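Take a look at the structure below.
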Amino acid sequence: MFKNKLLDLMAEKSISSQRQLSLLTDIPTTTISGWINAGRLPDYSAIKKLSKFFNISTDELLEQEDFELSTRNVLCDFETEKREPNANSLIDFSDILKDLRFEKNVTQGVVAKSCGLTPTCICQLETGARNPTGSTIIALAKYFDVSADYLLGLTSDDGAELYSAPTAGTMHETLSPDERELVERYRALDDKLKKIVMDGIKVYGGANELVSKSGKKV
């Protein structure tokens, strides 16, 4: 279950509370509570945030192989997930979905029926009017026999990564625990708060440099 997977990942990162995870990922505590206490699946944007934060594939995050499709759940989840105006993806999900459907030479109706959705739902996904939820992503990935990572534009068709995750030897690996926490907290901020933080660092950094040159201690 996604809930168990999330709890395991939190334990591995020594994240002791839903509030702490919320601060680190910029995902509301109420949303995280819904996953853990009500057994809900994350939506499109949350899946990407969690995958990046825990540095794992979306397939591993959703544990796709253990998911049993429930038509009712897919439909309900889909109807509550409207597209975010500034949703970010390296390759647009809607284009990938259309390409997969054209390659399979099937109609929106056929895809919808096979995945427990409606033709209108597929149409909205392909035009970008809505984003998919976790259960919708799993259903479509199973139908087209591709990974969730590929469907979300995170890997190419040959499995090559289309995003840069931290690897051994990178600066991320050499950071102290406090420095990593600072980086993770910074990433969780919105653009406005990030600018405020950076402006403060620049001001303090400039003052610190002047003091150092004068030979005085900070």
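In the structure tokens, each chain is lettered A, B, ... as it comes, each chain's residues begin at 1, and ligands are numbered from 1 in order of appearance.
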Would you pick out the contacts of Ser114 (chain A) at 12 Å or less, using only C-alpha atoms, so that residues sharing its chain but fewer than 3 positions from it are not included, and give the list as a list in words? Leu69, Ser70, Thr71, Val74, Val106, Thr107, Gln108, Gly109, Val110, Val111, Leu117, Thr118, Pro119, Ile122, Thr136, Ala139, Leu140, Ala141, Lys142, Tyr143 and Phe144 of chain A
Keeping only N, CA, C and O atoms, write the selected residues as a short mmCIF file (atom, residue, chain, number, x, y, z; two decimals), in the first residue's frame.
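Heads up, here's the output in out.cif:
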```
data_model
loop_
_atom_site.label_atom_id
_atom_site.label_comp_id
_atom_site.auth_asym_id
_atom_site.auth_seq_id
_atom_site.Cartn_x
_atom_site.Cartn_y
_atom_site.Cartn_z
N LEU A 69 -6.85 -2.28 -9.74
CA LEU A 69 -7.65 -1.20 -10.29
C LEU A 69 -9.08 -1.24 -9.77
O LEU A 69 -9.75 -2.25 -9.81
N SER A 70 -9.51 -0.12 -9.24
CA SER A 70 -10.90 0.06 -8.84
C SER A 70 -11.50 1.16 -9.68
O SER A 70 -11.10 2.31 -9.59
N THR A 71 -12.45 0.83 -10.56
CA THR A 71 -13.03 1.82 -11.46
C THR A 71 -13.61 2.98 -10.68
O THR A 71 -13.42 4.14 -11.02
N VAL A 74 -10.79 5.34 -9.40
CA VAL A 74 -10.16 6.11 -10.47
C VAL A 74 -11.05 7.27 -10.87
O VAL A 74 -10.61 8.41 -10.99
N VAL A 106 -5.80 3.29 -30.94
CA VAL A 106 -7.09 3.10 -30.28
C VAL A 106 -7.75 4.47 -30.05
O VAL A 106 -7.09 5.50 -30.05
N THR A 107 -9.03 4.46 -29.86
CA THR A 107 -9.77 5.70 -29.61
C THR A 107 -9.73 6.07 -28.13
O THR A 107 -9.38 5.24 -27.28
N GLN A 108 -10.14 7.29 -27.83
CA GLN A 108 -10.24 7.71 -26.43
C GLN A 108 -11.24 6.85 -25.69
O GLN A 108 -11.06 6.54 -24.52
N GLY A 109 -12.30 6.44 -26.38
CA GLY A 109 -13.32 5.60 -25.77
C GLY A 109 -12.78 4.25 -25.34
O GLY A 109 -13.13 3.75 -24.26
N VAL A 110 -11.92 3.67 -26.18
CA VAL A 110 -11.34 2.36 -25.86
C VAL A 110 -10.43 2.47 -24.64
O VAL A 110 -10.48 1.64 -23.72
N VAL A 111 -9.60 3.51 -24.60
CA VAL A 111 -8.71 3.72 -23.47
C VAL A 111 -9.53 3.93 -22.19
O VAL A 111 -9.25 3.36 -21.14
N LEU A 117 -12.36 4.85 -16.92
CA LEU A 117 -12.61 6.28 -17.00
C LEU A 117 -13.71 6.54 -18.02
O LEU A 117 -14.37 5.61 -18.48
N THR A 118 -13.93 7.79 -18.36
CA THR A 118 -14.89 8.14 -19.41
C THR A 118 -14.12 8.79 -20.56
O THR A 118 -13.03 9.33 -20.36
N PRO A 119 -14.67 8.76 -21.77
CA PRO A 119 -14.01 9.44 -22.89
C PRO A 119 -13.75 10.91 -22.62
O PRO A 119 -12.73 11.46 -23.04
N ILE A 122 -10.51 11.21 -20.64
CA ILE A 122 -9.33 11.03 -21.49
C ILE A 122 -9.11 12.27 -22.34
O ILE A 122 -7.97 12.73 -22.51
N THR A 136 -5.14 7.15 -11.55
CA THR A 136 -5.28 7.30 -13.00
C THR A 136 -3.96 6.99 -13.69
O THR A 136 -3.92 6.31 -14.72
N ALA A 139 -3.44 3.24 -13.70
CA ALA A 139 -4.32 2.57 -14.66
C ALA A 139 -3.81 2.74 -16.09
O ALA A 139 -3.78 1.79 -16.88
N LEU A 140 -3.40 3.96 -16.44
CA LEU A 140 -2.91 4.23 -17.79
C LEU A 140 -1.57 3.54 -18.05
O LEU A 140 -1.34 3.01 -19.15
N ALA A 141 -0.69 3.55 -17.06
CA ALA A 141 0.61 2.89 -17.22
C ALA A 141 0.43 1.39 -17.45
O ALA A 141 1.12 0.79 -18.29
N LYS A 142 -0.49 0.79 -16.72
CA LYS A 142 -0.76 -0.64 -16.90
C LYS A 142 -1.33 -0.91 -18.29
O LYS A 142 -0.94 -1.86 -18.96
N TYR A 143 -2.26 -0.07 -18.72
CA TYR A 143 -2.91 -0.28 -20.02
C TYR A 143 -1.91 -0.17 -21.17
O TYR A 143 -1.90 -0.98 -22.10
N PHE A 144 -1.04 0.85 -21.12
CA PHE A 144 -0.08 1.07 -22.21
C PHE A 144 1.23 0.30 -22.01
O PHE A 144 2.13 0.37 -22.84
#
```
Contact residues around Trp35 (chain A) with only C-alpha atoms at 12 Å, ignoring same-chain residues under 2 positions, as a list in words: Met1, Phe2, Lys3, Asn4, Lys5, Leu6, Leu7, Gln18, Ile27, Pro28, Thr29, Thr30, Thr31, Ile32, Ser33, Asn37, Ala38, Gly39, Arg40, Leu41, Pro42, Asp43, Ala46, Ile47, Leu62 and Gly134 of chain A
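A straight line drawn from CA of Gln124 (chain A) to CA of Ala148 (chain A) is 18.9 Å long.
Between Asp26 (chain A) and the candidates A:Gly153, A:Asp99, A:Phe53, A:Glu12, the tightest atom-to-atom separation, counting only C-alpha atoms, involves A:Phe53.
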Which residue of A:Asp191, A:Asp8, A:Glu126, A:Asp59 approaches Phe102 (chain A) most closely, using only C-alpha atoms: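 Result for the nearest residue to Phe102 (chain A): A:Glu126.
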Record the distance separating CA of Asn131 (chain A) and CA of Leu151 (chain A), expressed in Å with one decimal.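 So the answer is 12.1 Å.
A straight line drawn from CA of Pro132 (chain A) to CA of Phe93 (chain A) is 8.8 Å long.
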Between A:Leu50, A:Val203, A:Ile36, A:Leu97, which residue has the minimum interatomic distance to Ala188 (chain A), considering only C-alpha atoms? A:Leu50
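Each of A:Ser94, A:Leu100, A:Tyr186, A:Leu154 was checked against Ala129 (chain A) using only C-alpha atoms; the smallest atom-to-atom distance is that of A:Ser94.
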